[in-house]
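Structure, as structure tokens:
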Amino acid sequence: MTMATPNNAPDRALEDQIDQWRSYLRRRQAIQSVDVAELEDHLREQISTLSAAGLSTDEAFLVGVKRIGDLNALSREFAREHSDRLWKQLVDAPQDAGDAPARTRTDAAMAIGLAVAAGVAVKAPALFGMPMIDENESFYARHASLFVLPMLTGYFVWKRKLAASTLRWLGVAFVGALVFANVYPLKPLGALEMLTAMHLPIALWLAVGVAYAAERWNQVAGRMDFIRFSGELFIYYALIAFGGGVFTAFLLMLFKIIGIDAEPFVQTWLIPCGAAGAVVVASWLVEAKQSVIENMAPVLTRLFTPLFATLLVAFLVTLLFTGRGVNMERDMLLAFDGLLVIVLGLLLYAISARDPRAPASAFDVMQVVLVISALLADAVALWAIGARISEYGFTPNRTAVLGMNIILLVNLAWSAVVYIRFLRGQGPIAALERWQTNYLPVYSVWAAIVVIVFPVVFGFRY
Amino acid sequence: MEINKDLIAASSTPIVLAILAEADSYGYAILMRVREISKGQMEWTDGMLYPVLHRLERLGHVTARWENSETGRKRKYYRITTAGKAQLAEEQRQWQAVNATLKGIWSSLSITLAPSSATRAALLLQAA
């Protein structure tokens, strides 16, 4: 039997071969070292079985490796299952590395082209007698998202080569948005118009998501990638905005010393066009430069989850022991909406960065404490304002704020239930991802209701 | 016999769950068991089993643990969970429905089929 061969020479050769195979496998971003260990155990068992059947170790190694399968196909399969790992690398898109630089260049050209297009779109109304002056503020507020989001969606339509059927739906969404931004006789800069301006982008963000995730939209992993994308985009955009601010300050200063006032140029050209174009550029950066800023959102989450959890627990404990009355201004519910959004963001980016197979840790407990304390704080706020809301009556603003609060409250309440189940070993953490990703359309549907139904219900009075 | 990729993929979940329902196991042994039960008809590409196992783990249908094997190597063992058993029952129900439908069609077809195809159909029936 070959198994009983006493000399070590072939074994060393085998070890070398396995080492080589292992390091080759490790280079695959989707396959982590723990998976490599699992596959190696498989390979070794295969080799010893085959050797026992009479094959030489060389042959056994070759057969074993062959049976494990084509590594490209295998790593794609791992990538599909562990898309969270790939998020940084995006191996899924270019399948052969040969044309990668060319691809990156076309992507960049397309992104910059569309960013310029967004900038032009911002200035286009001025050509048709709608200059960017204070009197037209209400027009620009209603259409802000329509200057930018079609370009952003267009980028993903091009990049993902979307099917015509999806394209039709996206078209319907944007045309619908254009119609509802204009069809109602809203009071200029009134509450209803401001609500439309604020909710239209939220409603349309769903269309961006459908284009971003393409055929993976109906998969949890695809929608989760979109959530990751949104968070990273927000961070990139904030960074670009900060850089833009510094740039603008220098521009103003430099021209000031030669006696030219650049303020009008900055106000009507640089800031509006830059803000619009930066959305497309930031999206492209999120896609292309993942590894540069390595998942900022999860890092910030790790940092701020304990801080927010402590803050909320301290608030609740103080409330409970001092028995202070809750003095809720009616506008304060908006602040609580903001609080819930932040807690939801912390929750989302914590689960998005989490290895779904890792057991419950202290950080998970922290997340649950955060969510539950946020729920309690919000319950206090709702209770305090509930008594007075009938007295104030339902204005569009208050209804919108209350509606959003309830939507977030429902989301977080069920998240807490799912999370606690996970901590008690009664369910997988994946259930939380599924819940969150399935909930995505709710925000957009609510936003669409605010845009489409509110003006009618409130009779265009506000 | 070469079985179509889609069929392999679709049947992998119930097969893996059923094997784990027999006893805790690990990747290589699961593949051996598949080969044994299918008498070599189901040829999986070995590596492809692992993403399937990881998906089942993520969905909470199985749990995994690393243990020392009899050879002294670390080995990842999988165990079916209650949720996994429920999923298996559900898969079984669905596959039985598919199976029953196919059986019905095969038996009505086998009379009219050409001899070579008839033997194939008979083989398929046996396999079913």
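Residue numbers start at 1 in each chain; chains themselves are named A, B, ... in the order of the structure tokens; ligands are numbered from 1 in the order shown.
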
Would you mind listing, for every residue of chain B within 7 Å of chain A, the two atoms forming the shortest contact and the distance between them in Å to one decimal, using only C-alpha atoms, sorted by chain and ascending residue number, as CSV?
residue,atom,partner,partner_atom,distance
B:Gly27,CA,A:His42,CA,6.8
B:Tyr28,CA,A:His42,CA,5.5
B:Thr45,CA,A:Gly69,CA,5.6
B:Asp46,CA,A:Ile68,CA,4.4
B:Gly47,CA,A:Ile68,CA,4.3
B:Met48,CA,A:Leu74,CA,6.3
B:Pro51,CA,A:Phe78,CA,5.5
B:Arg55,CA,A:Glu81,CA,6.3
B:Glu57,CA,A:Arg357,CA,6.8
B:Arg58,CA,A:Arg357,CA,5.8
B:Leu59,CA,A:Ala430,CA,6.0
B:Gly60,CA,A:Pro428,CA,4.9
B:Arg75,CA,A:Asp41,CA,6.6
B:Lys76,CA,A:Glu38,CA,6.5

Resulting file, chosen residues, N, CA and C atoms, as a PDB file, in the first residue's frame:
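Everything below was put into result.pdb:
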ATOM      1  N   GLY B  27     -17.940  17.876   5.084  1.00  0.00           N
ATOM      2  CA  GLY B  27     -18.024  17.973   3.629  1.00  0.00           C
ATOM      3  C   GLY B  27     -17.698  16.699   2.876  1.00  0.00           C
ATOM      4  N   TYR B  28     -16.503  16.170   3.119  1.00  0.00           N
ATOM      5  CA  TYR B  28     -16.066  15.012   2.338  1.00  0.00           C
ATOM      6  C   TYR B  28     -17.013  13.824   2.529  1.00  0.00           C
ATOM      7  N   THR B  45     -19.400  18.568  -8.294  1.00  0.00           N
ATOM      8  CA  THR B  45     -18.053  19.106  -8.220  1.00  0.00           C
ATOM      9  C   THR B  45     -17.807  19.347  -6.736  1.00  0.00           C
ATOM     10  N   ASP B  46     -16.771  18.716  -6.185  1.00  0.00           N
ATOM     11  CA  ASP B  46     -16.619  18.696  -4.726  1.00  0.00           C
ATOM     12  C   ASP B  46     -16.733  20.069  -4.077  1.00  0.00           C
ATOM     13  N   GLY B  47     -16.000  21.035  -4.633  1.00  0.00           N
ATOM     14  CA  GLY B  47     -15.929  22.344  -4.001  1.00  0.00           C
ATOM     15  C   GLY B  47     -17.285  23.012  -3.870  1.00  0.00           C
ATOM     16  N   MET B  48     -18.164  22.732  -4.818  1.00  0.00           N
ATOM     17  CA  MET B  48     -19.463  23.417  -4.854  1.00  0.00           C
ATOM     18  C   MET B  48     -20.338  23.082  -3.641  1.00  0.00           C
ATOM     19  N   PRO B  51     -20.155  26.132  -0.633  1.00  0.00           N
ATOM     20  CA  PRO B  51     -21.069  27.288  -0.624  1.00  0.00           C
ATOM     21  C   PRO B  51     -22.494  26.896  -0.230  1.00  0.00           C
ATOM     22  N   ARG B  55     -24.480  28.427   2.880  1.00  0.00           N
ATOM     23  CA  ARG B  55     -25.788  29.073   2.743  1.00  0.00           C
ATOM     24  C   ARG B  55     -26.756  28.498   3.776  1.00  0.00           C
ATOM     25  N   GLU B  57     -26.017  27.253   6.541  1.00  0.00           N
ATOM     26  CA  GLU B  57     -25.599  27.732   7.859  1.00  0.00           C
ATOM     27  C   GLU B  57     -26.118  29.151   8.091  1.00  0.00           C
ATOM     28  N   ARG B  58     -25.986  29.976   7.052  1.00  0.00           N
ATOM     29  CA  ARG B  58     -26.438  31.363   7.178  1.00  0.00           C
ATOM     30  C   ARG B  58     -27.944  31.411   7.434  1.00  0.00           C
ATOM     31  N   LEU B  59     -28.677  30.520   6.751  1.00  0.00           N
ATOM     32  CA  LEU B  59     -30.130  30.513   6.911  1.00  0.00           C
ATOM     33  C   LEU B  59     -30.551  29.868   8.224  1.00  0.00           C
ATOM     34  N   GLY B  60     -29.581  29.320   8.973  1.00  0.00           N
ATOM     35  CA  GLY B  60     -29.902  28.712  10.258  1.00  0.00           C
ATOM     36  C   GLY B  60     -30.437  27.296  10.137  1.00  0.00           C
ATOM     37  N   ARG B  75     -11.430  19.834  11.657  1.00  0.00           N
ATOM     38  CA  ARG B  75     -12.434  19.529  10.647  1.00  0.00           C
ATOM     39  C   ARG B  75     -13.739  20.226  11.033  1.00  0.00           C
ATOM     40  N   LYS B  76     -14.440  20.696  10.019  1.00  0.00           N
ATOM     41  CA  LYS B  76     -15.685  21.426  10.277  1.00  0.00           C
ATOM     42  C   LYS B  76     -16.863  20.463  10.145  1.00  0.00           C
TER      43      LYS B  76
END

Practice task
Tell me, as a PyMOL selection string, which residues lie within 10 Å of stretch 363-372 of chain A, counting only C-alpha atoms; anything in the same chain fewer than 2 positions away does not count.
Solution key: chain A and resi 302+305-313+340+343-344+346-347+350-351+354+359-361+374-378+409+412-413+415-420+422-423

Write out as a CSV table (one decimal) with N, CA and C atoms, in the first residue's frame the residues lying within 9 Å of B:Tyr78, counting only C-alpha atoms and excluding same-chain residues fewer than 6 positions away.
chain,number,residue,atom,x,y,z
B,20,LEU,N,-27.6,15.2,6.6
B,20,LEU,CA,-27.3,15.7,8.0
B,20,LEU,C,-28.4,15.2,9.0
B,24,ASP,N,-24.6,13.9,12.2
B,24,ASP,CA,-23.7,15.0,11.9
B,24,ASP,C,-22.7,14.6,11.0
B,25,SER,N,-22.2,15.5,10.1
B,25,SER,CA,-21.2,15.0,9.2
B,25,SER,C,-20.3,16.2,8.7
B,26,TYR,N,-19.4,15.9,7.8
B,26,TYR,CA,-18.5,17.0,7.3
B,26,TYR,C,-18.5,16.9,5.8
B,27,GLY,N,-17.9,17.9,5.1
B,27,GLY,CA,-18.0,18.0,3.6
B,27,GLY,C,-17.7,16.7,2.9
B,53,LEU,N,-23.3,24.4,1.9
B,53,LEU,CA,-23.3,24.3,3.3
B,53,LEU,C,-23.3,25.6,4.0
B,57,GLU,N,-26.0,27.3,6.5
B,57,GLU,CA,-25.6,27.7,7.9
B,57,GLU,C,-26.1,29.2,8.1
B,62,VAL,N,-28.5,24.7,9.4
B,62,VAL,CA,-27.5,23.8,10.0
B,62,VAL,C,-26.6,24.7,10.9
B,63,THR,N,-25.9,24.1,11.9
B,63,THR,CA,-24.9,24.8,12.6
B,63,THR,C,-23.6,24.1,12.4
B,64,ALA,N,-22.5,24.8,12.6
B,64,ALA,CA,-21.2,24.2,12.3
B,64,ALA,C,-20.3,24.3,13.5
B,65,ARG,N,-19.4,23.4,13.7
B,65,ARG,CA,-18.4,23.5,14.7
B,65,ARG,C,-17.1,22.9,14.2
B,66,TRP,N,-16.0,23.4,14.7
B,66,TRP,CA,-14.7,22.9,14.3
B,66,TRP,C,-14.3,21.9,15.4

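In the backbone-derived DSSP annotation, strand (DSSP E) within chain B comprises B:Val62, B:Thr63, B:Ala64, B:Arg65, B:Trp66, B:Glu67, B:Asn68, B:Lys74, B:Arg75, B:Lys76, B:Tyr77, B:Tyr78, B:Arg79, B:Ile80.
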
Go ahead and save the picked residues with C-alpha atoms, as an mmCIF file, in the first residue's frame.
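Output file selection-v8.cif is given in full below:
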data_model
loop_
_atom_site.group_PDB
_atom_site.id
_atom_site.type_symbol
_atom_site.label_atom_id
_atom_site.label_comp_id
_atom_site.auth_asym_id
_atom_site.auth_seq_id
_atom_site.Cartn_x
_atom_site.Cartn_y
_atom_site.Cartn_z
ATOM 1 C CA VAL B 62 -27.496 23.828 10.029
ATOM 2 C CA THR B 63 -24.919 24.782 12.636
ATOM 3 C CA ALA B 64 -21.197 24.178 12.300
ATOM 4 C CA ARG B 65 -18.374 23.517 14.706
ATOM 5 C CA TRP B 66 -14.652 22.860 14.303
ATOM 6 C CA GLU B 67 -13.419 19.672 15.911
ATOM 7 C CA ASN B 68 -10.321 17.535 15.777
ATOM 8 C CA LYS B 74 -9.199 20.365 12.370
ATOM 9 C CA ARG B 75 -12.434 19.529 10.647
ATOM 10 C CA LYS B 76 -15.685 21.426 10.277
ATOM 11 C CA TYR B 77 -18.703 19.360 11.264
ATOM 12 C CA TYR B 78 -22.272 20.305 10.425
ATOM 13 C CA ARG B 79 -25.430 19.515 12.372
ATOM 14 C CA ILE B 80 -29.033 20.023 11.263
#

Exercise for the section: For stretch 164-168 of chain A, please output as a list in words all residues within 12 Å (counting only C-alpha atoms; exclusion window: fewer than 5 positions along the same chain). Expected result: Pro150, Thr153, Gly154, Phe156, Val157, Trp158, Ala173, Phe174, Val175, Gly176, Ala207, Val208, Gly209, Val210, Ala211, Tyr212, Ala213, Ala214, Glu215 and Trp217 of chain A

Expected file: the selected residues, C-alpha atoms, as a PDB file, in the first residue's frame:
ATOM      1  CA  PRO A 150     -31.952  59.987 -13.406  1.00  0.00           C
ATOM      2  CA  THR A 153     -29.826  55.564 -12.306  1.00  0.00           C
ATOM      3  CA  GLY A 154     -28.560  55.891 -15.865  1.00  0.00           C
ATOM      4  CA  PHE A 156     -26.243  51.767 -13.213  1.00  0.00           C
ATOM      5  CA  VAL A 157     -28.511  51.035 -16.167  1.00  0.00           C
ATOM      6  CA  TRP A 158     -25.426  51.289 -18.353  1.00  0.00           C
ATOM      7  CA  ALA A 173     -41.039  56.042 -11.832  1.00  0.00           C
ATOM      8  CA  PHE A 174     -39.182  59.110 -13.093  1.00  0.00           C
ATOM      9  CA  VAL A 175     -41.958  60.322 -15.352  1.00  0.00           C
ATOM     10  CA  GLY A 176     -44.394  59.832 -12.464  1.00  0.00           C
ATOM     11  CA  ALA A 207     -35.604  53.287  -8.374  1.00  0.00           C
ATOM     12  CA  VAL A 208     -31.874  53.867  -7.871  1.00  0.00           C
ATOM     13  CA  GLY A 209     -31.808  50.690  -5.769  1.00  0.00           C
ATOM     14  CA  VAL A 210     -33.558  48.636  -8.427  1.00  0.00           C
ATOM     15  CA  ALA A 211     -31.021  49.850 -10.995  1.00  0.00           C
ATOM     16  CA  TYR A 212     -28.101  49.328  -8.604  1.00  0.00           C
ATOM     17  CA  ALA A 213     -28.990  45.775  -7.619  1.00  0.00           C
ATOM     18  CA  ALA A 214     -30.266  44.882 -11.113  1.00  0.00           C
ATOM     19  CA  GLU A 215     -31.298  41.235 -11.265  1.00  0.00           C
ATOM     20  CA  TRP A 217     -32.945  43.109  -6.365  1.00  0.00           C
TER      21      TRP A 217
END

Fill in the blank from the handout: Expressed in Å, the length from atom CA of B:Ile8 to atom CA of A:Val36 is 23.5 Å

Handout entry: Contact residues around B:Val16 with only C-alpha atoms at 9 Å, ignoring same-chain residues under 3 positions, as a list in words
Key = Ser11, Ser12, Thr13, Ile19, Leu20, Ala21, Ile30, Leu31, Val34, Leu49, Val52 and Leu53 of chain B

How would the residues just picked look written out with C-alpha atoms as a PDB file, in the first residue's frame?
ATOM      1  CA  SER B  11     -31.688  19.063  -5.331  1.00  0.00           C
ATOM      2  CA  SER B  12     -28.593  19.937  -3.311  1.00  0.00           C
ATOM      3  CA  THR B  13     -30.514  21.477  -0.394  1.00  0.00           C
ATOM      4  CA  ILE B  19     -27.827  13.403   4.948  1.00  0.00           C
ATOM      5  CA  LEU B  20     -27.302  15.652   7.966  1.00  0.00           C
ATOM      6  CA  ALA B  21     -30.628  14.465   9.368  1.00  0.00           C
ATOM      7  CA  ILE B  30     -21.394  14.133   2.788  1.00  0.00           C
ATOM      8  CA  LEU B  31     -20.093  13.810  -0.777  1.00  0.00           C
ATOM      9  CA  VAL B  34     -24.235  11.280  -1.969  1.00  0.00           C
ATOM     10  CA  LEU B  49     -20.787  21.618  -1.786  1.00  0.00           C
ATOM     11  CA  VAL B  52     -24.254  25.210  -0.255  1.00  0.00           C
ATOM     12  CA  LEU B  53     -23.317  24.281   3.318  1.00  0.00           C
TER      13      LEU B  53
END
